[in-house]
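data-v1.txt (compact mmCIF, C-alpha atoms) appears below.
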```txt
# COMPACT_ATOMS: atom_id res chain seq x y z
CA MET A 1 -183.61 13.17 -97.39
CA ALA A 2 -183.22 9.43 -97.21
CA ALA A 3 -183.65 9.42 -93.43
CA THR A 4 -187.27 10.55 -93.67
CA VAL A 5 -188.24 7.61 -95.87
CA THR A 6 -189.45 4.83 -93.58
CA SER A 7 -189.22 1.83 -95.89
CA THR A 8 -186.74 -0.75 -94.59
CA ALA A 9 -185.11 -1.04 -97.98
CA THR A 10 -183.88 2.57 -97.94
CA THR A 11 -182.81 2.64 -94.30
CA GLY A 12 -180.92 -0.53 -94.99
CA LYS A 13 -179.08 1.13 -97.83
CA THR A 14 -178.27 4.22 -95.78
CA TRP A 15 -177.18 2.66 -92.51
CA ASP A 16 -176.02 -0.87 -93.26
CA GLY A 17 -172.54 0.10 -94.32
CA GLY A 18 -170.84 0.58 -97.62
CA ASN A 19 -171.97 4.18 -97.67
CA GLU A 20 -169.43 6.94 -98.13
CA PRO A 21 -170.50 10.21 -96.57
CA MET A 22 -168.78 13.22 -98.14
CA GLY A 23 -167.24 10.89 -100.69
CA ALA A 24 -164.63 9.54 -98.28
CA SER A 25 -164.39 5.89 -97.26
CA TYR A 26 -164.75 4.89 -93.60
CA GLY A 27 -161.02 4.51 -93.00
CA LYS A 28 -160.12 7.76 -94.66
CA MET A 29 -162.81 9.60 -92.75
CA MET A 30 -161.55 8.21 -89.45
CA MET A 31 -157.99 9.21 -90.34
CA TRP A 32 -159.26 12.74 -90.91
CA PHE A 33 -161.07 12.67 -87.56
CA PHE A 34 -157.83 11.68 -85.90
CA ILE A 35 -155.81 14.28 -87.78
CA VAL A 36 -158.19 17.12 -86.90
CA SER A 37 -158.13 16.21 -83.20
CA ASP A 38 -154.36 15.77 -83.21
CA ALA A 39 -153.96 19.08 -85.02
CA LEU A 40 -155.94 20.73 -82.22
CA THR A 41 -153.69 19.05 -79.64
CA PHE A 42 -150.61 20.47 -81.30
CA SER A 43 -152.18 23.90 -81.64
CA GLY A 44 -152.91 23.74 -77.91
CA PHE A 45 -149.22 23.10 -77.22
CA LEU A 46 -148.02 25.79 -79.59
CA ALA A 47 -150.56 28.28 -78.24
CA ALA A 48 -149.35 27.48 -74.71
CA TYR A 49 -145.81 28.16 -75.91
CA GLY A 50 -147.01 31.48 -77.33
CA PHE A 51 -148.71 32.28 -74.01
CA SER A 52 -145.54 31.70 -72.01
CA ARG A 53 -143.47 33.56 -74.52
CA PHE A 54 -145.74 36.60 -74.43
CA LYS A 55 -145.74 36.39 -70.65
CA PHE A 56 -141.93 36.65 -70.60
CA ILE A 57 -141.52 38.51 -73.88
CA GLY A 58 -138.87 40.82 -72.40
CA THR A 59 -136.50 37.98 -71.48
CA TRP A 60 -137.27 35.12 -73.89
CA PRO A 61 -134.24 33.44 -75.53
CA ILE A 62 -133.43 34.38 -79.13
CA ALA A 63 -133.52 31.21 -81.23
CA ASP A 64 -130.55 32.23 -83.39
CA GLU A 65 -128.36 32.24 -80.31
CA VAL A 66 -129.58 28.84 -79.13
CA PHE A 67 -129.44 26.62 -82.20
CA THR A 68 -126.14 27.37 -83.89
CA HIS A 69 -124.70 23.96 -84.69
CA PHE A 70 -124.17 22.19 -87.97
CA PRO A 71 -122.64 18.72 -88.34
CA PHE A 72 -118.87 18.65 -88.96
CA MET A 73 -118.59 22.41 -88.53
CA HIS A 74 -117.21 23.02 -85.08
CA GLY A 75 -117.04 26.54 -83.77
CA VAL A 76 -118.84 27.90 -86.82
CA GLU A 77 -122.03 29.70 -85.99
CA ALA A 78 -124.69 28.38 -88.35
CA PRO A 79 -128.10 29.34 -87.07
CA MET A 80 -131.13 27.85 -88.80
CA TYR A 81 -129.29 25.92 -91.55
CA TYR A 82 -129.60 22.64 -89.74
CA VAL A 83 -133.33 22.89 -89.05
CA ALA A 84 -133.86 24.09 -92.60
CA LEU A 85 -132.13 20.90 -93.72
CA MET A 86 -134.41 18.88 -91.43
CA THR A 87 -137.40 20.64 -92.97
CA PHE A 88 -136.18 19.67 -96.44
CA ILE A 89 -135.74 16.05 -95.39
CA LEU A 90 -139.29 15.92 -94.11
CA ILE A 91 -140.78 17.72 -97.14
CA PHE A 92 -138.88 15.38 -99.43
CA SER A 93 -140.11 12.30 -97.60
CA SER A 94 -143.60 13.76 -97.98
CA VAL A 95 -142.98 13.92 -101.73
CA THR A 96 -141.88 10.27 -101.92
CA MET A 97 -144.98 9.38 -99.87
CA VAL A 98 -147.29 11.16 -102.27
CA LEU A 99 -145.45 9.50 -105.18
CA ALA A 100 -146.15 6.12 -103.53
CA VAL A 101 -149.84 7.03 -103.29
CA ASP A 102 -149.80 8.07 -106.94
CA ALA A 103 -148.15 4.79 -107.99
CA GLY A 104 -150.77 2.98 -105.90
CA HIS A 105 -153.54 4.53 -107.98
CA HIS A 106 -151.99 2.82 -111.00
CA LEU A 107 -151.56 -0.46 -109.07
CA LYS A 108 -147.79 -0.46 -109.62
CA LYS A 109 -146.61 -2.60 -106.74
CA THR A 110 -142.83 -2.26 -107.19
CA LYS A 111 -143.01 1.51 -107.53
CA VAL A 112 -145.14 1.81 -104.39
CA ALA A 113 -142.65 -0.35 -102.49
CA ILE A 114 -139.65 1.70 -103.63
CA TYR A 115 -141.26 5.01 -102.72
CA MET A 116 -142.36 3.62 -99.36
CA VAL A 117 -138.75 2.60 -98.61
CA LEU A 118 -137.53 6.09 -99.51
CA THR A 119 -140.16 7.59 -97.21
CA ILE A 120 -139.11 5.33 -94.35
CA ILE A 121 -135.44 6.23 -94.87
CA GLY A 122 -136.37 9.93 -94.86
CA GLY A 123 -138.22 9.39 -91.59
CA PHE A 124 -135.21 7.73 -89.97
CA ILE A 125 -132.86 10.48 -91.16
CA PHE A 126 -135.20 13.06 -89.66
CA LEU A 127 -135.33 11.20 -86.33
CA GLY A 128 -131.54 10.98 -86.29
CA SER A 129 -131.26 14.70 -86.99
CA GLN A 130 -133.61 15.45 -84.16
CA ALA A 131 -131.59 13.28 -81.80
CA TRP A 132 -128.47 15.22 -82.78
CA GLU A 133 -130.28 18.51 -82.22
CA TRP A 134 -131.37 17.34 -78.77
CA LYS A 135 -127.84 16.18 -77.96
CA ASN A 136 -126.43 19.65 -78.67
CA PHE A 137 -129.23 21.36 -76.79
CA ILE A 138 -128.87 19.15 -73.71
CA GLY A 139 -125.08 19.19 -73.72
CA GLY A 140 -124.66 22.92 -74.20
CA GLU A 141 -121.45 24.56 -75.28
CA PHE A 142 -120.57 27.62 -73.22
CA GLY A 143 -122.18 27.29 -69.80
CA ALA A 144 -123.76 30.08 -67.79
CA VAL A 145 -124.58 31.06 -64.23
CA GLU A 146 -128.08 30.91 -62.81
CA THR A 147 -129.01 33.60 -60.29
CA LYS A 148 -131.06 33.39 -57.14
CA GLY A 149 -134.09 34.76 -59.01
CA GLY A 150 -133.78 32.03 -61.65
CA SER A 151 -132.48 34.16 -64.50
CA ILE A 152 -129.39 33.35 -66.54
CA LEU A 153 -126.09 35.24 -66.81
CA GLN A 154 -124.10 34.42 -69.94
CA PHE A 155 -120.49 35.46 -70.56
CA VAL A 156 -119.41 37.36 -73.66
CA GLU A 157 -116.30 38.97 -75.04
CA LYS A 158 -115.84 41.52 -77.83
CA ASN A 159 -114.35 40.00 -80.98
CA ALA A 160 -112.30 41.77 -83.70
CA GLU A 161 -115.43 43.15 -85.38
CA GLY A 162 -116.58 44.66 -82.12
CA GLU A 163 -119.47 42.23 -81.66
CA TYR A 164 -120.07 40.40 -78.43
CA LYS A 165 -119.47 36.65 -78.77
CA ARG A 166 -120.06 34.07 -76.10
CA VAL A 167 -117.09 32.61 -74.24
CA ALA A 168 -117.09 29.24 -72.59
CA VAL A 169 -116.96 29.36 -68.81
CA ALA A 170 -114.36 26.57 -68.92
CA ASP A 171 -112.00 28.95 -70.76
CA PHE A 172 -111.81 31.56 -68.04
CA ALA A 173 -113.00 30.04 -64.76
CA ALA A 174 -110.45 29.77 -61.98
CA HIS A 175 -109.68 26.50 -60.22
CA LEU A 176 -110.05 26.90 -56.49
CA PRO A 177 -108.98 24.16 -54.11
CA THR A 178 -111.99 22.38 -52.67
CA SER A 179 -112.45 19.55 -50.21
CA ARG A 180 -115.76 18.48 -51.71
CA VAL A 181 -115.73 15.30 -53.75
CA ASP A 182 -118.39 13.67 -55.85
CA LYS A 183 -119.78 10.83 -53.76
CA THR A 184 -121.79 7.93 -55.04
CA ARG A 185 -123.36 5.09 -53.08
CA SER A 186 -120.50 2.83 -54.12
CA ASN A 187 -117.77 4.98 -52.51
CA GLY A 188 -119.50 6.45 -49.46
CA ILE A 189 -120.58 4.20 -46.59
CA TRP A 190 -123.31 6.36 -45.11
CA PHE A 191 -123.95 8.23 -48.35
CA GLU A 192 -127.56 8.17 -49.57
CA ASP A 193 -128.07 10.76 -52.28
CA ALA A 194 -126.98 14.23 -53.36
CA PRO A 195 -127.01 16.20 -56.59
CA ALA A 196 -123.87 15.71 -58.68
CA LEU A 197 -121.25 18.41 -58.23
CA PRO A 198 -121.32 20.98 -61.03
CA GLU A 199 -118.16 21.35 -63.09
CA PHE A 200 -117.46 24.74 -61.53
CA THR A 201 -118.61 26.49 -58.43
CA VAL A 202 -119.97 30.03 -58.73
CA GLU A 203 -116.94 31.25 -56.74
CA GLU A 204 -114.63 29.80 -59.39
CA VAL A 205 -116.58 31.51 -62.16
CA ALA A 206 -116.52 34.80 -60.21
CA GLU A 207 -112.75 34.53 -59.63
CA GLY A 208 -112.25 33.85 -63.33
CA LEU A 209 -114.39 36.83 -64.25
CA ILE A 210 -112.30 39.11 -62.04
CA ALA A 211 -109.09 37.76 -63.57
CA HIS A 212 -110.23 38.25 -67.19
CA PRO A 213 -110.88 41.98 -67.85
CA ASN A 214 -112.36 41.41 -71.34
CA VAL A 215 -115.17 39.14 -70.23
CA VAL A 216 -118.51 40.73 -69.41
CA ILE A 217 -121.98 39.43 -68.60
CA ARG A 218 -124.91 39.27 -70.98
CA THR A 219 -128.30 39.22 -69.30
CA GLU A 220 -131.61 37.74 -70.41
CA THR A 221 -133.23 41.11 -70.89
CA ILE A 222 -133.91 42.17 -74.47
CA ASP A 223 -133.17 45.78 -75.36
CA LEU A 224 -136.29 47.03 -77.17
CA ASN A 225 -134.33 49.44 -79.38
CA THR A 226 -131.81 46.95 -80.76
CA LYS A 227 -133.81 43.75 -80.09
CA LYS A 228 -130.65 42.20 -78.71
CA LYS A 229 -129.80 40.93 -75.25
CA VAL A 230 -128.47 43.59 -72.89
CA VAL A 231 -124.72 43.35 -72.20
CA LEU A 232 -123.61 44.74 -68.84
CA THR A 233 -120.62 46.99 -68.29
CA ARG A 234 -117.56 45.54 -66.60
CA ASP A 235 -118.49 47.01 -63.20
CA ALA A 236 -122.09 45.90 -63.47
CA SER A 237 -120.89 42.41 -64.47
CA LEU A 238 -118.75 42.07 -61.37
CA GLU A 239 -121.74 43.18 -59.31
CA ALA A 240 -124.17 40.83 -61.09
CA ILE A 241 -122.08 37.70 -60.60
CA LYS A 242 -122.56 38.07 -56.83
CA GLY A 243 -126.19 37.03 -57.30
CA GLY A 244 -125.19 33.74 -58.93
CA THR A 245 -126.07 30.46 -57.24
CA LEU A 246 -125.36 27.72 -59.76
CA TYR A 247 -123.19 26.98 -62.76
CA VAL A 248 -125.38 25.58 -65.56
CA LYS A 249 -124.28 23.89 -68.75
CA GLY A 250 -126.75 22.84 -71.41
CA ALA A 251 -130.43 22.43 -70.69
CA ASN A 252 -132.80 20.07 -68.96
CA LEU A 253 -136.27 20.41 -67.50
CA GLU A 254 -134.99 22.35 -64.46
CA HIS A 255 -132.10 24.46 -65.69
CA ASN A 256 -131.38 26.06 -69.02
CA GLU A 257 -128.17 27.87 -69.94
CA TYR A 258 -129.82 29.50 -72.98
CA GLY A 259 -132.30 31.57 -71.00
CA HIS A 260 -135.76 31.08 -69.61
CA LYS A 261 -136.41 27.56 -68.28
CA LEU A 262 -139.82 27.36 -69.93
CA PHE A 263 -138.13 27.62 -73.30
CA ALA A 264 -136.32 24.33 -72.72
CA ASP A 265 -139.44 22.71 -71.26
CA PHE A 266 -141.54 23.60 -74.29
CA PHE A 267 -138.73 22.66 -76.66
CA PHE A 268 -138.44 19.19 -75.15
CA PHE A 269 -142.17 18.69 -74.93
CA ILE A 270 -143.25 19.91 -78.35
CA THR A 271 -140.37 18.63 -80.48
CA GLY A 272 -140.43 15.43 -78.42
CA PHE A 273 -144.12 14.93 -79.03
CA HIS A 274 -143.61 15.65 -82.71
CA GLY A 275 -140.64 13.27 -82.82
CA PHE A 276 -142.83 10.60 -81.24
CA HIS A 277 -145.34 11.16 -84.04
CA VAL A 278 -142.59 10.81 -86.64
CA PHE A 279 -141.46 7.61 -84.94
CA SER A 280 -144.95 6.10 -84.96
CA GLY A 281 -145.34 7.29 -88.55
CA VAL A 282 -142.19 5.41 -89.54
CA MET A 283 -143.45 2.28 -87.74
CA ILE A 284 -146.84 2.44 -89.49
CA ASN A 285 -145.07 3.07 -92.80
CA ILE A 286 -143.00 -0.08 -92.25
CA ILE A 287 -146.13 -2.15 -91.58
CA ILE A 288 -147.83 -0.83 -94.70
CA PHE A 289 -144.62 -1.37 -96.69
CA LEU A 290 -144.55 -5.03 -95.61
CA ASN A 291 -148.18 -5.39 -96.68
CA VAL A 292 -147.28 -3.91 -100.06
CA ILE A 293 -144.44 -6.44 -100.41
CA TYR A 294 -146.71 -9.33 -99.40
CA GLY A 295 -149.18 -8.23 -102.06
CA THR A 296 -152.08 -7.61 -99.68
CA TYR A 297 -153.18 -4.52 -101.58
CA GLU A 298 -152.45 -6.15 -104.92
CA LYS A 299 -155.06 -8.79 -104.08
CA ARG A 300 -157.44 -6.10 -102.81
CA LYS A 301 -156.96 -4.18 -106.09
CA SER A 302 -156.78 -1.05 -103.95
CA TYR A 303 -153.88 0.78 -102.39
CA GLU A 304 -156.10 2.95 -100.20
CA MET A 305 -154.18 1.94 -97.05
CA VAL A 306 -151.10 3.65 -98.53
CA GLU A 307 -153.22 6.74 -99.01
CA LYS A 308 -154.37 6.67 -95.38
CA VAL A 309 -150.93 6.26 -93.90
CA GLY A 310 -149.86 8.95 -96.35
CA LEU A 311 -152.39 11.33 -94.79
CA TYR A 312 -150.81 10.72 -91.39
CA TRP A 313 -147.31 11.20 -92.75
CA HIS A 314 -148.21 14.51 -94.41
CA PHE A 315 -149.81 15.62 -91.17
CA VAL A 316 -146.52 15.03 -89.35
CA ASP A 317 -144.81 17.17 -91.99
CA LEU A 318 -147.50 19.83 -91.56
CA VAL A 319 -146.89 19.99 -87.81
CA TRP A 320 -143.15 20.33 -88.36
CA VAL A 321 -143.73 23.32 -90.63
CA PHE A 322 -145.38 25.07 -87.70
CA VAL A 323 -142.81 23.92 -85.13
CA PHE A 324 -140.06 25.19 -87.44
CA THR A 325 -141.72 28.60 -87.65
CA PHE A 326 -142.50 29.07 -84.00
CA PHE A 327 -139.36 27.64 -82.44
CA TYR A 328 -136.71 28.71 -84.91
CA LEU A 329 -137.93 31.61 -87.04
CA VAL A 330 -140.32 33.80 -85.09
CA MET B 1 -161.89 16.53 -109.47
CA ALA B 2 -162.88 14.74 -112.63
CA HIS B 3 -160.35 11.93 -112.37
CA ASP B 4 -161.66 10.79 -109.01
CA THR B 5 -165.16 10.08 -110.16
CA HIS B 6 -164.26 7.56 -112.83
CA GLY B 7 -162.35 4.97 -110.88
CA HIS B 8 -159.15 5.40 -112.87
CA HIS B 9 -156.57 8.02 -112.02
CA GLU B 10 -154.42 10.14 -114.20
CA SER B 11 -150.95 10.82 -112.89
CA ASN B 12 -150.35 13.82 -110.66
CA LEU B 13 -146.57 13.78 -111.04
CA LYS B 14 -146.29 17.25 -112.47
CA ARG B 15 -148.42 18.73 -109.71
CA ILE B 16 -146.41 16.89 -107.01
CA TRP B 17 -143.06 18.21 -108.21
CA THR B 18 -144.43 21.74 -108.67
CA VAL B 19 -145.65 21.75 -105.09
CA PHE B 20 -142.32 20.39 -103.89
CA GLY B 21 -140.64 23.28 -105.73
CA ILE B 22 -142.97 25.81 -104.12
CA LEU B 23 -142.47 24.41 -100.60
CA SER B 24 -138.68 24.35 -101.00
CA ALA B 25 -138.63 27.89 -102.38
CA ILE B 26 -140.69 29.17 -99.45
CA THR B 27 -138.40 27.42 -96.94
CA ILE B 28 -135.31 28.92 -98.59
CA VAL B 29 -136.88 32.39 -98.55
CA GLU B 30 -137.71 31.93 -94.85
CA VAL B 31 -134.16 30.95 -94.00
CA ILE B 32 -132.69 33.86 -95.98
CA PHE B 33 -134.97 36.34 -94.23
CA GLY B 34 -134.33 34.66 -90.87
CA ILE B 35 -130.57 35.11 -91.23
CA ALA B 36 -130.54 38.52 -92.91
CA LYS B 37 -133.24 40.01 -90.64
CA PRO B 38 -133.85 43.14 -92.75
CA GLU B 39 -134.06 46.23 -90.51
CA VAL B 40 -137.25 47.52 -92.17
CA LEU B 41 -139.18 44.37 -91.34
CA PHE B 42 -137.49 43.46 -88.07
CA MET B 43 -137.80 46.85 -86.37
CA ASN B 44 -141.35 47.73 -87.37
CA SER B 45 -144.32 46.14 -85.72
CA LEU B 46 -147.97 45.61 -86.45
CA PHE B 47 -150.13 44.68 -83.45
CA ARG B 48 -147.01 44.25 -81.28
CA LEU B 49 -145.59 41.60 -83.64
CA ASN B 50 -142.80 42.66 -85.98
CA LEU B 51 -143.34 42.55 -89.73
CA LEU B 52 -140.72 39.85 -90.21
CA ASN B 53 -142.66 37.52 -87.93
CA TRP B 54 -145.86 38.36 -89.80
CA LEU B 55 -144.09 37.39 -93.01
CA PHE B 56 -142.96 34.07 -91.50
CA ILE B 57 -146.43 33.27 -90.24
CA ILE B 58 -148.06 34.08 -93.58
CA LEU B 59 -145.50 31.97 -95.46
CA THR B 60 -146.14 29.11 -93.01
CA VAL B 61 -149.86 29.25 -93.67
CA VAL B 62 -149.15 29.20 -97.41
CA LYS B 63 -146.98 26.10 -96.89
CA ALA B 64 -149.72 24.48 -94.81
CA TYR B 65 -152.19 25.21 -97.60
CA TYR B 66 -150.03 23.46 -100.20
CA ILE B 67 -149.36 20.46 -97.97
CA MET B 68 -153.05 20.01 -97.16
CA TRP B 69 -154.41 20.77 -100.61
CA ALA B 70 -151.86 18.98 -102.80
CA PHE B 71 -150.21 16.30 -100.63
CA MET B 72 -153.19 15.41 -98.46
CA HIS B 73 -155.26 15.80 -101.59
CA LEU B 74 -157.98 18.01 -100.17
CA GLU B 75 -158.29 19.67 -103.58
CA GLY B 76 -159.71 16.39 -104.89
CA GLU B 77 -162.21 15.88 -102.05
CA LYS B 78 -165.79 17.07 -101.92
CA SER B 79 -166.13 20.59 -100.59
CA SER B 80 -168.27 19.33 -97.69
CA LEU B 81 -165.37 17.19 -96.43
CA ARG B 82 -162.94 20.03 -97.02
CA TRP B 83 -164.99 22.46 -94.99
CA SER B 84 -165.64 20.00 -92.15
CA ILE B 85 -161.88 19.71 -91.76
CA VAL B 86 -160.68 23.26 -92.35
CA ALA B 87 -163.47 25.32 -90.75
CA PRO B 88 -163.25 23.86 -87.19
CA LEU B 89 -159.45 24.04 -87.26
CA VAL B 90 -159.32 27.63 -88.47
CA PHE B 91 -162.00 28.78 -86.05
CA LEU B 92 -160.74 26.97 -82.93
CA ILE B 93 -157.07 27.75 -83.49
CA ILE B 94 -157.64 31.46 -84.08
CA TYR B 95 -159.93 31.55 -81.03
CA LEU B 96 -157.41 29.80 -78.75
CA VAL B 97 -154.41 31.77 -79.96
CA PHE B 98 -156.31 35.06 -79.62
CA ILE B 99 -157.29 34.35 -76.01
CA LEU B 100 -153.94 32.98 -74.85
CA LEU B 101 -151.77 35.63 -76.45
CA ILE B 102 -153.88 38.47 -75.07
CA GLU B 103 -153.75 36.89 -71.62
CA GLY B 104 -149.99 36.36 -71.85
CA ASN B 105 -149.51 39.96 -72.90
CA TYR B 106 -151.65 41.13 -69.98
CA ILE B 107 -149.56 39.16 -67.48
CA PHE B 108 -146.39 40.64 -68.98
CA ASP B 109 -147.85 44.10 -68.42
CA VAL B 110 -148.73 43.25 -64.82
CA PHE B 111 -145.16 42.07 -64.15
CA HIS B 112 -143.83 45.28 -65.61
CA GLU B 113 -146.28 48.02 -64.68
CA SER B 114 -147.09 46.95 -61.15
CA GLN B 115 -145.11 45.64 -58.21
CA TYR B 116 -146.19 42.00 -58.60
CA LYS B 117 -143.42 39.67 -59.67
CA TRP B 118 -144.26 36.05 -58.98
CA ILE B 119 -147.88 36.11 -57.90
CA PHE B 120 -149.08 34.51 -61.15
```
With the file now loaded, output its structure as structure tokens.
Amino acid sequence: MAATVTSTATTGKTWDGGNEPMGASYGKMMMWFFIVSDALTFSGFLAAYGFSRFKFIGTWPIADEVFTHFPFMHGVEAPMYYVALMTFILIFSSVTMVLAVDAGHHLKKTKVAIYMVLTIIGGFIFLGSQAWEWKNFIGGEFGAVETKGGSILQFVEKNAEGEYKRVAVADFAAHLPTSRVDKTRSNGIWFEDAPALPEFTVEEVAEGLIAHPNVVIRTETIDLNTKKKVVLTRDASLEAIKGGTLYVKGANLEHNEYGHKLFADFFFFITGFHGFHVFSGVMINIIIFLNVIYGTYEKRKSYEMVEKVGLYWHFVDLVWVFVFTFFYLV
Amino acid sequence: MAHDTHGHHESNLKRIWTVFGILSAITIVEVIFGIAKPEVLFMNSLFRLNLLNWLFIILTVVKAYYIMWAFMHLEGEKSSLRWSIVAPLVFLIIYLVFILLIEGNYIFDVFHESQYKWIF
């Protein structure tokens, strides 16, 4: 071992820089350090998601029923297709990144620049897709009623094939006269603050439920034999609505029309954290792209910086592969 | 790999596109299975996780392997670097997931088998 030799010449060679332990340069090694620690951070988040899901395994939302939107296809239930598309976008931008690295090995400046641009565009498309996904998740489509115990009652109706499909609360809720108005500080003199009025009161939803004999309630509970959410009978539905306290549409950190609140919390936190990584990845890609254009790496006769940022970019793709599995598939 | 030791690089284009094909194929298979949900896989469980989910997790690990080995180019690195990256990740992640999932499952059982509801 070199460390046991005491002559200054050898220690100088070993410790004075320029050395490449494990055959990786300093920068590349540090990128790997970062990636390993970041990978552990993400596994911590996903494991925490798994913990909460196992804790509430009997009532956890079914992903197919939550993410059903596809651009320009209104009212069509398209579970999974959209996220699959997002996965393709990210995998493809990984391919253009690795092509840029490959072109860098041959010192082809123009090719590197073109592939970097394609990668950046892929990154932006992915970010846009994620924003759209969030918009649908936050906005919601059907609405539901939250009970005193914090669970969610959704409303379904049998369609022609005899399957239960969700109905929007707005389609059946009654309109009861109310004296309450939405106040803001601009139109109320002594008014300080109050939560915004929900679109419907629980009484209106209950009235609507009574008036529409086809509508029944679907609970959060999963039937172990069919692995589907339990749908109540008409009588049980009318009984269950009495426990309602709040009309909920869409999802935020406190309420979630799709089911358990923790599902929304983890969704926002994990996909948000991943989206933040994609965003920083795009920013770093842009910086490296500018350096490529300016010829910084041409002068250096080495495109290793492209390789390093490529490592980060592939890591972001790697994380998405796991997010895709655990949020949408499993 | 040989081409890394000599300072000049041969092109990896063929490998890149092959891996892209493999990753796309796996994703398509996942989506097909996710939508079809075959009874045989979906209704049968191994260690309280249904076979379909096992399939998804295995396919995900295969995808992760291809991304790390081909795109992040671990196949061209020295095996010492490869192991310093993969071994801690594999060990720590399996460890953490094992502990948390067992604990989560235990709490579920407590909620269901005993009279506690919100004490945790």
Query raised in the report: Using only C-alpha atoms, which of B:Asn50, B:Gly76, B:Gly34, B:Ala87 sits nearest chain A?
Result: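 Once distances to chain A are computed over only C-alpha atoms, the minimum belongs to B:Gly34.
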Requested in this report: Kindly provide, as JSON, numbers by chain, the residues of chain A having any atom no farther than 8 Å from an atom of chain B, counting only C-alpha atoms.
Outcome: {"A": [22, 23, 24, 32, 36, 39, 40, 43, 44, 47, 48, 50, 51, 52, 53, 54, 55, 56, 57, 79, 80, 81, 84, 87, 88, 91, 92, 94, 95, 98, 99, 102, 105, 106, 310, 311, 314, 318, 321, 322, 325, 329, 330]}
Selected residues, C-alpha atoms, written as a PDB file, in the coordinates of the input, please.
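Output file part36.pdb follows:
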```
ATOM      1  CA  MET A  22    -168.780  13.220 -98.140  1.00  0.00           C
ATOM      2  CA  GLY A  23    -167.240  10.890-100.690  1.00  0.00           C
ATOM      3  CA  ALA A  24    -164.630   9.540 -98.280  1.00  0.00           C
ATOM      4  CA  TRP A  32    -159.260  12.740 -90.910  1.00  0.00           C
ATOM      5  CA  VAL A  36    -158.190  17.120 -86.900  1.00  0.00           C
ATOM      6  CA  ALA A  39    -153.960  19.080 -85.020  1.00  0.00           C
ATOM      7  CA  LEU A  40    -155.940  20.730 -82.220  1.00  0.00           C
ATOM      8  CA  SER A  43    -152.180  23.900 -81.640  1.00  0.00           C
ATOM      9  CA  GLY A  44    -152.910  23.740 -77.910  1.00  0.00           C
ATOM     10  CA  ALA A  47    -150.560  28.280 -78.240  1.00  0.00           C
ATOM     11  CA  ALA A  48    -149.350  27.480 -74.710  1.00  0.00           C
ATOM     12  CA  GLY A  50    -147.010  31.480 -77.330  1.00  0.00           C
ATOM     13  CA  PHE A  51    -148.710  32.280 -74.010  1.00  0.00           C
ATOM     14  CA  SER A  52    -145.540  31.700 -72.010  1.00  0.00           C
ATOM     15  CA  ARG A  53    -143.470  33.560 -74.520  1.00  0.00           C
ATOM     16  CA  PHE A  54    -145.740  36.600 -74.430  1.00  0.00           C
ATOM     17  CA  LYS A  55    -145.740  36.390 -70.650  1.00  0.00           C
ATOM     18  CA  PHE A  56    -141.930  36.650 -70.600  1.00  0.00           C
ATOM     19  CA  ILE A  57    -141.520  38.510 -73.880  1.00  0.00           C
ATOM     20  CA  PRO A  79    -128.100  29.340 -87.070  1.00  0.00           C
ATOM     21  CA  MET A  80    -131.130  27.850 -88.800  1.00  0.00           C
ATOM     22  CA  TYR A  81    -129.290  25.920 -91.550  1.00  0.00           C
ATOM     23  CA  ALA A  84    -133.860  24.090 -92.600  1.00  0.00           C
ATOM     24  CA  THR A  87    -137.400  20.640 -92.970  1.00  0.00           C
ATOM     25  CA  PHE A  88    -136.180  19.670 -96.440  1.00  0.00           C
ATOM     26  CA  ILE A  91    -140.780  17.720 -97.140  1.00  0.00           C
ATOM     27  CA  PHE A  92    -138.880  15.380 -99.430  1.00  0.00           C
ATOM     28  CA  SER A  94    -143.600  13.760 -97.980  1.00  0.00           C
ATOM     29  CA  VAL A  95    -142.980  13.920-101.730  1.00  0.00           C
ATOM     30  CA  VAL A  98    -147.290  11.160-102.270  1.00  0.00           C
ATOM     31  CA  LEU A  99    -145.450   9.500-105.180  1.00  0.00           C
ATOM     32  CA  ASP A 102    -149.800   8.070-106.940  1.00  0.00           C
ATOM     33  CA  HIS A 105    -153.540   4.530-107.980  1.00  0.00           C
ATOM     34  CA  HIS A 106    -151.990   2.820-111.000  1.00  0.00           C
ATOM     35  CA  GLY A 310    -149.860   8.950 -96.350  1.00  0.00           C
ATOM     36  CA  LEU A 311    -152.390  11.330 -94.790  1.00  0.00           C
ATOM     37  CA  HIS A 314    -148.210  14.510 -94.410  1.00  0.00           C
ATOM     38  CA  LEU A 318    -147.500  19.830 -91.560  1.00  0.00           C
ATOM     39  CA  VAL A 321    -143.730  23.320 -90.630  1.00  0.00           C
ATOM     40  CA  PHE A 322    -145.380  25.070 -87.700  1.00  0.00           C
ATOM     41  CA  THR A 325    -141.720  28.600 -87.650  1.00  0.00           C
ATOM     42  CA  LEU A 329    -137.930  31.610 -87.040  1.00  0.00           C
ATOM     43  CA  VAL A 330    -140.320  33.800 -85.090  1.00  0.00           C
TER      44      VAL A 330
END
```
Emit as JSON the padded axis-aligned box for all listed atoms of segment 20-38 of chain A, 8 Å per side, with centre and edge lengths in Å to one decimal.
```
{"center_x": -162.4, "center_y": 10.8, "center_z": -91.9, "size_x": 32.1, "size_y": 28.6, "size_z": 33.5}
```
Query - Of the listed residues A:Val167, A:Leu107, A:Val278, A:Leu253, that which approaches Asp317 of chain A most closely, counting only C-alpha atoms - result: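 Nearest to Asp317 of chain A: A:Val278.
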Requested in this report: May I ask which of the residues A:Tyr294, A:Tyr115, A:Tyr164, A:Phe34 is the closest one to Ala103 of chain A, counting all atoms listed in the file?
Outcome: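 Using all atoms listed in the file, Ala103 of chain A sits closest to A:Tyr115.
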